[in-house]
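Novice: Just passing along the structure, written as structure tokens.
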Amino acid sequence: MTEQIDKALAREYEAGFVSAVESETFEPGLDEDVIRRISEVKGEPEWMLEWRLNAFRVWQEMEEPDWAHVSYPKIDFQAVSYYSAPKSMKDKPKSLDEVDPELLRTYEKLGIPLVEQQMLAGVAVDAVFDSVSVVTTFREKLEEAGVIFCPISEALHKYPDLVKKYLGSVVPTKDNFFAALNCAVFTDGSFVYIPKGTRCPMELSTYFRINEQNTGQFERTLIIADEGSYVSYLEGCTAPQRDENQLHAAVVELVAMDDAEIKYSTVQNWYPGDEEGKGGIYNFVTKRGVCHTNAKISWTQVETGSSVTWKYPSCVLKGDNSVGEFYSVALTRGRQQADTGTKMIHIGKNTKSTIISKGISAGKSNNAYRGLVRMNPGAEGARNFTQCDSLLIGDQCGAHTFPYVESRNPSAIVEHEATTSKVSDDQMFLCRQRGVDPEKAVSMIVNGFCKEVFKELPMEFAVEAGKLLEISLEGSVG
Amino acid sequence: MSEWLQQAIARADSIQDGFEDQRAASLALLKDIKWPTRKTEAWKYTPLRAVERSAAIFKEESPELDPVAVEGLEFLELTFVDGQLVSLPEELPEGLSIEMQESSLFGTIKPERHIFGLVNDVLAADVAVVTVAEGVVVEQMLRINNLLSNGAQGHIRVVVDLKAGSSLKVVENAEGQGASLTTAFTEYQIGVEANLEHYRFALQSGDNVAVGGSHFKLFENAVMNSSIIGFGSDLQRIDTDIIYAGEKANAKLNAIYLLDGKELFDLHANVEHAVPNCTTEENIRGIAGDNSRAVFNGRIHIHRDAQKTLAELNNRNLLMSNKAEINTKPELEIYADDVRCAHGATIAQIDKQALYYLQTRGVSRSQAQLMLSFGFINELIDQMPTVELAEWVRPIIRDRFAQMEVK
């Protein structure tokens, strides 16, 4: 069995190729001039530059957080390049035919349904390559429905009022160290606006990829679902295999107006580093949504990549009867470290939240759930249910749970439960007795363990997530 | 650094009683420790304003105080008044000794960097060392009384050493009058196959400040059973650590907190499973009414080698008022794979259907509420091994509920 484990653990990161795309990259370093340059390259309005500079000043005053259950060498923020764009982007492509074929090949390798596949999949993709949005597909069809789906840099020009109104309204500049950094240097990302009463005709999707060496990726996503609308949004990420650590500090803001619903799904497969923990992505992400009356936000995430993950997609349940959901599968192996979870802030009456978190640790990794459920005094009749299960594979890994539960309303009900176990010998025995080989058995058991979360994912993502898990787990149980 | 801490350090610097060496390391640590704020994880929900504002003084002369009587029980009394040891049992059963001396166990079981633990290290005047000889079973209960007069400050420390195969029952009893401040730490070493039955009662409320801890280290096949019952006060904080140093040891901790008025109660329970095959069971229940704030932190840490561990923690809370607050944080930190580990936490109010059911049977609403909340707590009181103590504490709790109800 040990051999099998070794073999499986030595598996290569399949998205680890480097694309030979010529690119324009800023010298590493960060000061006000760099921010001015980013803003200039993007041709941003004056108020945006001011906003960035303000964020930069705030960031300089802040301390890097150290409370998460992760350890990594101190990041030298001056050694990171804050802007990298494929050169061929200079003259923006008008259609897919004009896009650098090398770039398209990259996406093809990654299996993003960019050209023909997308027709079948019916997915509109906004692909972010290093720091700029490459192309947004299906734009016309979306425009017909009144849906705005474009790079945020473009939205700044076309819909400045919307951006100005909502940017930073959910995750304020001062929120945390990495969010402040993102505010100062973010280069691109997606902007989505769903008009009143509209059901977005297709699933929207963003694909992020860090290609250039020594670059950080700081994207910013802003999704506004106006009254009574619905949108399902998918996000995927990969990066080439590199020896040094790369920084990814994104901010995602969701606004669900009255009666709106946003479903946000992520399959995160950044490069996790090698078996000794060399290289890999630092994934320090701030994601948060605000729910107004009767609105619903649902976060689903499958986290298998990154060497260090620090991520807490949250819901502020501001309006009465609003609903927040968080479904998560986090798998760590090798020397990966994950500290992930959610925050549910209940403000409105009869607000409801559900948290289902499944953590799987293998190899020498550490996997922590960290969550906060807060019932404010006004959260009359609010309800929360939290379940955190951890599965340990091997005796060199760690699984941790740090739930914070705060209640200030007697009519609110909060329930939290957590369990930790390993793949049981009984389960294995049963499978093997029926002729299932051990590897397959483990994969079956783990898939069953994660089922509650997978069923929340859109179909094509659920398939991808299942596969991802299977590959990651191959034979890692004895 | 707070003024209060500066004064404590200044006082410690001036004490000359022959135990300077025992204190030196703690004094050094205390001198560069940061005063906890809201950002200090262990004190996140527990502001220390009450300590900062406290005017409690070290009294030269203290009044005579007697601990409360418990019907049907005759204790071996070890009594401190305002931090000074005032009485020892006149006659000790064979195999039990209590001495004022340096102990090699001093400071080895409680956590090293607990700020008030360090204050206690340097300010506890008489450190009592209780030893139970190998194989000795002490039938009579030992009671450690920490009595404080009005406005007094006192710090007490007891080290209990249960040698292999011995058995002891201990009650830690705190009774403080108004505006007093105390730290009370006890360290227990429970030897191979030894057995400890432990109680900690903090049934004082009002404007007292009390910070303390009961810390346990268990060796092979050792067994402990602990019950903690606390009412809140201006500040009531209890830390407990259960550390396994030998296999197949077994610990059970039941805790209850009942809060009213503007009281604050904070319980931190930490379990260190450092060796395989040990079992922990923790049941914590609390009720917070009026303007009170309850804090619970229950950490279970399973080390790499601690395979075949069985650990369960259950924290259930009733929130009775719109202004009260409950903050709970059950933590699991697990580094071994072949373990069974679970925790659960709930916060809610009394089940409306149960209330309705009783009301349809002619029980008044307030009476029904009392019955249900008492039942919620009584489940744990019923588990107390010494029946006399359960009988004694029940009416006290009933009175407490009645008092909460009146508001």
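Letters for chains follow the order of the structure tokens (A, B, ...), residue numbers begin at 1 for each chain, and ligand numbers begin at 1 in the order shown.
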Could you list, as a VMD selection string, every residue of chain A that has an atom within 7 Å of an atom of chain B, counting only C-alpha atoms?
Specialist: chain A and resid 377 392 to 422
Novice: Residues near B:Ile238, anyone? I mean within 9 Å using only C-alpha atoms, not counting same-chain ones fewer than 5 positions away, as a ChimeraX atom specification.
Specialist: /B:210-214,230,265-269
Novice: Write a file of the just-selected residues containing C-alpha atoms, as a PDB file, in the first residue's frame.
Specialist:
```pdb
ATOM      1  CA  ALA B 210     -12.440  35.922  40.525  1.00  0.00           C
ATOM      2  CA  VAL B 211      -9.993  34.384  38.115  1.00  0.00           C
ATOM      3  CA  GLY B 212      -8.657  30.919  38.588  1.00  0.00           C
ATOM      4  CA  GLY B 213      -8.177  27.448  37.369  1.00  0.00           C
ATOM      5  CA  SER B 214      -8.141  23.766  38.189  1.00  0.00           C
ATOM      6  CA  GLY B 230     -20.479  28.818  38.635  1.00  0.00           C
ATOM      7  CA  PHE B 265     -18.810  34.083  33.394  1.00  0.00           C
ATOM      8  CA  ASP B 266     -16.062  32.622  31.280  1.00  0.00           C
ATOM      9  CA  LEU B 267     -15.049  28.974  31.223  1.00  0.00           C
ATOM     10  CA  HIS B 268     -12.054  27.773  29.265  1.00  0.00           C
ATOM     11  CA  ALA B 269     -11.589  24.019  29.136  1.00  0.00           C
TER      12      ALA B 269
END
```
Novice: Residues near B:Thr280, anyone? I mean within 9 Å using only C-alpha atoms, not counting same-chain ones fewer than 6 positions away, as a PDB file with C-alpha atoms, in the first residue's frame.
Specialist:
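Dumped everything to selection36.pdb:
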```
ATOM      1  CA  ALA B 249      -6.661   7.407  31.572  1.00  0.00           C
ATOM      2  CA  ASN B 250     -10.177   8.705  31.673  1.00  0.00           C
ATOM      3  CA  ALA B 251     -11.603  12.125  32.478  1.00  0.00           C
ATOM      4  CA  LYS B 252     -15.096  13.441  32.793  1.00  0.00           C
ATOM      5  CA  LEU B 253     -15.945  17.099  33.158  1.00  0.00           C
ATOM      6  CA  VAL B 271      -7.788  18.933  26.959  1.00  0.00           C
ATOM      7  CA  HIS B 273      -4.435  14.156  24.527  1.00  0.00           C
ATOM      8  CA  THR B 309      -8.503   8.595  21.558  1.00  0.00           C
ATOM      9  CA  LEU B 310     -12.153   9.016  22.314  1.00  0.00           C
ATOM     10  CA  ALA B 311     -13.153  12.604  23.035  1.00  0.00           C
ATOM     11  CA  GLU B 312     -16.535  14.222  23.155  1.00  0.00           C
ATOM     12  CA  LEU B 313     -17.633  17.681  24.085  1.00  0.00           C
TER      13      LEU B 313
END
```
Novice: Could you give me, as an MDAnalysis selection string, each residue of stretch 220-433 of chain A that DSSP assigns to strand (DSSP E or B) when run on this structure's backbone?
Specialist: chainID A and resid 220:225 230:238 245:248 251:256 261:268 280:291 296:303 308:311 314:317 323:332 337:340 343:346 352:362 366:375 383:393 398:407 413:422
Novice: Which parts of stretch 88-308 of chain B does DSSP call helix (DSSP H, G or I) when run on the backbone here, written out as a list in words?
Specialist: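 Answer for stretch 88-308 of chain B restricted to helix (DSSP H, G or I) is Ile115, Phe116, Gly117, Leu118, Val119, Asn120, Asp121, Val122 and Leu123 of chain B.
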Novice: Can you pull out every residue within 10 Å of B:Gly117, counting only C-alpha atoms, but drop anything in the same chain fewer than 2 positions away, and send it as a list in words?
Specialist: Ser26, Leu30, Gly107, Lys110, Pro111, Glu112, Arg113, His114, Ile115, Val119, Asn120, Asp121, Val122, Leu123, Arg157, Thr183, Ala184, Phe185, Thr186, Val211, Gly212, Gly213 and Asp239 of chain B
Novice: In Å, how far is it from atom CA of B:Thr240 to atom CA of B:Ile228?
Specialist: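 Distance reported for this atom pair: 9.8 Å.
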Novice: Quick one: residues within 6 Å of stretch 279-284 of chain A, only C-alpha atoms counted, chain neighbours fewer than 2 positions away excluded, as a PyMOL selection string?
Specialist: chain A and resi 242-249+271-273+306-310
